[in-house]
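Everything below concerns the one structure shown next.
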Amino acid sequence: MVCGHTAPVLDIAWCPHNDNVIASGSEDCTVMVWEIPDGGLTLPLREPVVTLEGHTKRVGIVAWHPTAQNVLLSAGCDNVILVWDVGTGAAVLTLGADVHPDTIYSVDWSRDGALICTSCRDKRVRIIEPRKGTVVAEKDRPHEGTRPVRAVFVSDGKILTTGFSRMSERQVALWDMKHLEEPLSLQELDTSSGVLLPFFDPDTNIVYLCGKGDSSIRYFEITSEAPFLHYLSMFSSKESQRGMGYMPKRGLEVNKCEIARFYKLHERRCEPIAMTVPRKSDLFQEDLYPPTAGPDAALTAEEWLGGRDAGPLLISLKDGYVPPKSRELRVNRGLDTGRRRTTPEASGTPSSDAISRLEEEMRKLQAMVQELQKRLDRLEETVQAK
């Protein structure tokens, strides 16, 4: 168990650039970042790597930047979105309640992390440039119903929304970001009450819709020509799902033609659900596995905050994915000592182990200072050149 929060945990997100790191948002108004050791936990984990404090109400959404290292977004019921540099423990961007006047239902990063797409209780979907804090485009009432809307970026400058009609029928719609007046496609699905959660796979252009309380997963293909959104099929089971997790493409079994894997949450267990494409050949199927997002970040947090954008660094799965050696999450603890939760230690002379740890911390800090000095020197040279 990971049990450092003092109130229920509302959202979790694995870091796309470090398979050992997970972020969590809670009703205790904090975001915590945890480092899971190789091989998993043998004892309960109570001490986060860093605690991020800035929200005044519960935190319902956490989402890592897809291409920039250590950049994490959180959205709270204070109607505020904060973007954090986890490496320093500081909130570097704030989108206040003037952008979202009511509860934020969903937030999604674009593939290169230049924009975010949000849905809000005020019945508007917004496309936002987070570094400038400006709303690039917005759509009022993408679905006529009063139930929550979800919105995600999909391929080629499009967004996909799920919501409800005025008659409480569940809907899925596809929109062109540049022309939000009318949807490219709008389909009604059924009259169930669960909110549909979309998961988009950019490699195959397939979107999977999972409803909380449903016992099925629908999937659609998105194309560049009308009718744009094509229903493919539906996976059904007997037991309803309480929640759903999604495995990154590099974690799939390529030799079994697995194109998606979900983790279905039951009351007391978690069930893997594999989506496979039947193929007779044992050879690598290049059409199913184009180059996909790898574990390396394309940008540092400083580069992204400075205005740079970059798509994900792609890797081939032809020879299978070999995970890199586990990477330590480096946090400038000097800035975070006031936020970290400490446990009382016995008084007296420090042990040799404690002294060794302190010396190791000092070496790390000195290395960080040297690296910062090099970056400062490069920045000065750039300024002088301009």
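By order of appearance in the structure tokens: chains A, B, ..., then residues from 1 within every chain, and ligands from 1 in the order shown.
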All strand (DSSP E) positions in range 127-227 of chain A, as JSON, numbers by chain: {"A": [127, 128, 129, 134, 135, 136, 137, 138, 139, 140, 150, 151, 152, 153, 158, 159, 160, 161, 162, 163, 164, 170, 171, 172, 173, 174, 175, 176, 185, 186, 187, 188, 196, 197, 198, 199, 200, 201, 206, 207, 208, 209, 210, 211, 216, 217, 218, 219, 220, 221, 222]}
task: Could you find all residues in range 286-337 of chain A that DSSP calls alpha helix (DSSP H) from the backbone, and write them as JSON, numbers by chain?
output: {"A": [301, 302, 303, 304, 305, 333, 334, 335, 336]}
Contacts of Ser26 in chain A at 9 Å or less, counting only C-alpha atoms, minus same-chain residues fewer than 4 places along, as a PDB file with N, CA, C and O atoms, in the first residue's frame?
```
ATOM      1  N   HIS A   5      -1.245   9.896   2.144  1.00  0.00           N
ATOM      2  CA  HIS A   5      -2.282  10.928   2.201  1.00  0.00           C
ATOM      3  C   HIS A   5      -3.126  10.760   3.463  1.00  0.00           C
ATOM      4  O   HIS A   5      -3.296   9.656   3.977  1.00  0.00           O
ATOM      5  N   THR A   6      -3.693  11.857   3.945  1.00  0.00           N
ATOM      6  CA  THR A   6      -4.529  11.822   5.145  1.00  0.00           C
ATOM      7  C   THR A   6      -6.016  11.799   4.812  1.00  0.00           C
ATOM      8  O   THR A   6      -6.844  11.856   5.719  1.00  0.00           O
ATOM      9  N   ALA A   7      -6.358  11.726   3.525  1.00  0.00           N
ATOM     10  CA  ALA A   7      -7.753  11.670   3.078  1.00  0.00           C
ATOM     11  C   ALA A   7      -7.796  10.822   1.808  1.00  0.00           C
ATOM     12  O   ALA A   7      -6.743  10.477   1.256  1.00  0.00           O
ATOM     13  N   PRO A   8      -8.994  10.480   1.305  1.00  0.00           N
ATOM     14  CA  PRO A   8      -9.077   9.623   0.118  1.00  0.00           C
ATOM     15  C   PRO A   8      -8.296  10.158  -1.082  1.00  0.00           C
ATOM     16  O   PRO A   8      -8.232  11.365  -1.314  1.00  0.00           O
ATOM     17  N   VAL A   9      -7.707   9.226  -1.839  1.00  0.00           N
ATOM     18  CA  VAL A   9      -6.981   9.549  -3.072  1.00  0.00           C
ATOM     19  C   VAL A   9      -7.983   9.559  -4.227  1.00  0.00           C
ATOM     20  O   VAL A   9      -8.753   8.621  -4.399  1.00  0.00           O
ATOM     21  N   LEU A  10      -7.979  10.627  -5.017  1.00  0.00           N
ATOM     22  CA  LEU A  10      -8.967  10.811  -6.082  1.00  0.00           C
ATOM     23  C   LEU A  10      -8.426  10.523  -7.468  1.00  0.00           C
ATOM     24  O   LEU A  10      -9.189  10.210  -8.378  1.00  0.00           O
ATOM     25  N   ASP A  11      -7.114  10.651  -7.671  1.00  0.00           N
ATOM     26  CA  ASP A  11      -6.549  10.388  -9.003  1.00  0.00           C
ATOM     27  C   ASP A  11      -5.096   9.986  -8.857  1.00  0.00           C
ATOM     28  O   ASP A  11      -4.406  10.412  -7.911  1.00  0.00           O
ATOM     29  N   THR A  30      -3.447  17.990  -1.326  1.00  0.00           N
ATOM     30  CA  THR A  30      -2.049  17.887  -1.753  1.00  0.00           C
ATOM     31  C   THR A  30      -1.907  16.955  -2.952  1.00  0.00           C
ATOM     32  O   THR A  30      -2.766  16.114  -3.219  1.00  0.00           O
ATOM     33  N   VAL A  31      -0.780  17.122  -3.647  1.00  0.00           N
ATOM     34  CA  VAL A  31      -0.321  16.175  -4.659  1.00  0.00           C
ATOM     35  C   VAL A  31       0.975  15.578  -4.126  1.00  0.00           C
ATOM     36  O   VAL A  31       1.844  16.305  -3.647  1.00  0.00           O
ATOM     37  N   MET A  32       1.081  14.260  -4.182  1.00  0.00           N
ATOM     38  CA  MET A  32       2.304  13.595  -3.732  1.00  0.00           C
ATOM     39  C   MET A  32       2.899  12.794  -4.878  1.00  0.00           C
ATOM     40  O   MET A  32       2.176  12.214  -5.683  1.00  0.00           O
ATOM     41  N   ARG A  58      -9.867  19.967  -2.567  1.00  0.00           N
ATOM     42  CA  ARG A  58      -9.372  18.645  -2.958  1.00  0.00           C
ATOM     43  C   ARG A  58      -8.880  18.623  -4.404  1.00  0.00           C
ATOM     44  O   ARG A  58      -9.383  19.347  -5.256  1.00  0.00           O
ATOM     45  N   VAL A  59      -7.897  17.760  -4.649  1.00  0.00           N
ATOM     46  CA  VAL A  59      -7.259  17.640  -5.959  1.00  0.00           C
ATOM     47  C   VAL A  59      -7.839  16.410  -6.658  1.00  0.00           C
ATOM     48  O   VAL A  59      -7.629  15.279  -6.216  1.00  0.00           O
ATOM     49  N   GLY A  60      -8.549  16.627  -7.769  1.00  0.00           N
ATOM     50  CA  GLY A  60      -9.243  15.537  -8.439  1.00  0.00           C
ATOM     51  C   GLY A  60      -8.565  15.023  -9.684  1.00  0.00           C
ATOM     52  O   GLY A  60      -8.910  13.954 -10.188  1.00  0.00           O
ATOM     53  N   ILE A  61      -7.568  15.774 -10.216  1.00  0.00           N
ATOM     54  CA  ILE A  61      -6.925  15.386 -11.481  1.00  0.00           C
ATOM     55  C   ILE A  61      -5.421  15.616 -11.375  1.00  0.00           C
ATOM     56  O   ILE A  61      -4.980  16.685 -10.932  1.00  0.00           O
TER      57      ILE A  61
END
```
Can you tell me, as a PDB file with N, CA and C atoms, in the first residue's frame, what residues are no more than 7 Å from range 125-134 of chain A when counting only C-alpha atoms, ignoring any on the same chain fewer than 3 positions away?
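Generated file (around35.pdb):
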```pdb
ATOM      1  N   LEU A  93       3.311  27.414 -13.040  1.00  0.00           N
ATOM      2  CA  LEU A  93       2.234  28.054 -13.806  1.00  0.00           C
ATOM      3  C   LEU A  93       0.926  27.892 -13.052  1.00  0.00           C
ATOM      4  N   LEU A  95      -3.328  28.534 -13.619  1.00  0.00           N
ATOM      5  CA  LEU A  95      -4.528  28.950 -14.351  1.00  0.00           C
ATOM      6  C   LEU A  95      -5.626  29.090 -13.312  1.00  0.00           C
ATOM      7  N   ALA A 114       1.973  21.174 -25.996  1.00  0.00           N
ATOM      8  CA  ALA A 114       1.862  22.620 -26.191  1.00  0.00           C
ATOM      9  C   ALA A 114       0.540  23.167 -25.677  1.00  0.00           C
ATOM     10  N   LEU A 115      -0.508  22.331 -25.686  1.00  0.00           N
ATOM     11  CA  LEU A 115      -1.854  22.772 -25.309  1.00  0.00           C
ATOM     12  C   LEU A 115      -2.454  21.791 -24.314  1.00  0.00           C
ATOM     13  N   ILE A 116      -3.476  22.263 -23.594  1.00  0.00           N
ATOM     14  CA  ILE A 116      -4.303  21.371 -22.788  1.00  0.00           C
ATOM     15  C   ILE A 116      -5.762  21.566 -23.200  1.00  0.00           C
ATOM     16  N   CYS A 117      -6.524  20.499 -23.060  1.00  0.00           N
ATOM     17  CA  CYS A 117      -7.955  20.523 -23.362  1.00  0.00           C
ATOM     18  C   CYS A 117      -8.703  20.231 -22.062  1.00  0.00           C
ATOM     19  N   THR A 118      -9.646  21.087 -21.696  1.00  0.00           N
ATOM     20  CA  THR A 118     -10.362  20.909 -20.432  1.00  0.00           C
ATOM     21  C   THR A 118     -11.866  20.895 -20.669  1.00  0.00           C
ATOM     22  N   SER A 119     -12.555  20.175 -19.806  1.00  0.00           N
ATOM     23  CA  SER A 119     -14.020  20.257 -19.757  1.00  0.00           C
ATOM     24  C   SER A 119     -14.407  20.718 -18.365  1.00  0.00           C
ATOM     25  N   CYS A 120     -15.492  21.485 -18.284  1.00  0.00           N
ATOM     26  CA  CYS A 120     -15.835  22.177 -17.047  1.00  0.00           C
ATOM     27  C   CYS A 120     -17.336  22.075 -16.787  1.00  0.00           C
ATOM     28  N   ALA A 137      -9.272  28.295 -27.984  1.00  0.00           N
ATOM     29  CA  ALA A 137     -10.587  28.036 -28.581  1.00  0.00           C
ATOM     30  C   ALA A 137     -11.482  27.448 -27.505  1.00  0.00           C
ATOM     31  N   GLU A 138     -12.784  27.623 -27.654  1.00  0.00           N
ATOM     32  CA  GLU A 138     -13.705  27.001 -26.711  1.00  0.00           C
ATOM     33  C   GLU A 138     -15.028  26.688 -27.395  1.00  0.00           C
ATOM     34  N   LYS A 139     -15.702  25.680 -26.855  1.00  0.00           N
ATOM     35  CA  LYS A 139     -16.981  25.251 -27.383  1.00  0.00           C
ATOM     36  C   LYS A 139     -17.987  25.208 -26.239  1.00  0.00           C
ATOM     37  N   ASP A 140     -19.074  25.958 -26.392  1.00  0.00           N
ATOM     38  CA  ASP A 140     -20.141  25.948 -25.398  1.00  0.00           C
ATOM     39  C   ASP A 140     -21.102  24.802 -25.710  1.00  0.00           C
ATOM     40  N   LEU A 305       9.201  25.358 -20.335  1.00  0.00           N
ATOM     41  CA  LEU A 305       8.737  26.627 -19.756  1.00  0.00           C
ATOM     42  C   LEU A 305       9.267  27.815 -20.551  1.00  0.00           C
TER      43      LEU A 305
END
```
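The nearest approach to Pro295 in chain A among the residues A:Ile36, A:Leu197, A:Ala68, A:Val99, with only C-alpha atoms taken into account, belongs to A:Ala68.
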query: Got a sec: who's within 12 Å of range 369-379 of chain A, counting only C-alpha atoms, leaving out chain neighbours fewer than 6 positions off, as number ranges by chain?
result: A: 300, 302-303, 306, 332, 334, 362-363, 385-386
How would the residues just picked look written out with C-alpha atoms as a PDB file, in the first residue's frame?
```
ATOM      1  CA  THR A 300      13.680  19.529 -19.794  1.00  0.00           C
ATOM      2  CA  GLU A 302      13.195  24.619 -18.236  1.00  0.00           C
ATOM      3  CA  GLU A 303      13.133  24.216 -22.024  1.00  0.00           C
ATOM      4  CA  GLY A 306      10.999  28.703 -22.022  1.00  0.00           C
ATOM      5  CA  ASN A 332      16.030  19.715  -5.145  1.00  0.00           C
ATOM      6  CA  GLY A 334      16.640  22.235  -0.360  1.00  0.00           C
ATOM      7  CA  MET A 362      26.036  16.912  -0.239  1.00  0.00           C
ATOM      8  CA  ARG A 363      27.751  15.341  -3.262  1.00  0.00           C
ATOM      9  CA  ALA A 385      24.749  36.262 -28.955  1.00  0.00           C
ATOM     10  CA  LYS A 386      21.232  37.653 -29.451  1.00  0.00           C
TER      11      LYS A 386
END
```
message: as a PyMOL selection string, please: the residues near Glu286 in chain A (cut-off 10 Å, only C-alpha atoms, same-chain neighbours under 3 positions excluded).
response: chain A and resi 283+289-291+316-318
- request: Might you pull out every residue within 8 Å of Asp122 in chain A, with only C-alpha atoms counted and same-chain residues fewer than 5 positions away left off, and present them as a list of chain:residue names?
  value: A:Pro101, A:Asp102, A:Thr103
Could those residues be written to a file, using N, CA and C atoms, as a CSV table (one decimal), in the first residue's frame?
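Result went into part-v4.csv, see below:
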```csv
chain,number,residue,atom,x,y,z
A,101,PRO,N,-14.6,29.0,-14.2
A,101,PRO,CA,-15.4,29.5,-13.1
A,101,PRO,C,-16.1,28.4,-12.3
A,102,ASP,N,-16.0,27.1,-12.7
A,102,ASP,CA,-16.7,26.1,-12.0
A,102,ASP,C,-15.8,24.8,-12.0
A,103,THR,N,-16.3,23.7,-11.4
A,103,THR,CA,-15.5,22.5,-11.3
A,103,THR,C,-15.0,22.0,-12.6
```
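Going from CA of Ser168 in chain A over to CA of Ser215 in chain A, you cover 19.1 Å.
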field: Nearest-residue call for Leu43 in chain A, choices A:Asp28, A:Thr204, A:Thr146, A:Met1, using only C-alpha atoms
entry: A:Met1
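Our summary of the geometry notes that CA of Leu358 in chain A is positioned 17.6 Å from CA of Leu329 in chain A.
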query: Using only C-alpha atoms, which of A:Leu73, A:Leu196, A:Asp156, A:Val107 sits nearest Ala173 in chain A?
result: A:Leu196
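Computed from the coordinates, the CA of Val21 in chain A to CA of Val322 in chain A distance equals 17.8 Å.
Residue nearest Leu313 in chain A, chosen from A:Gly25, A:Pro16, A:Gly87, A:Gly40 and counting only C-alpha atoms: A:Pro16.
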query: Looking at A:Leu41, A:Cys29, A:Val207, A:Val49, which one is nearest to Gly76 in chain A, with distances taken over only C-alpha atoms?
result: A:Cys29
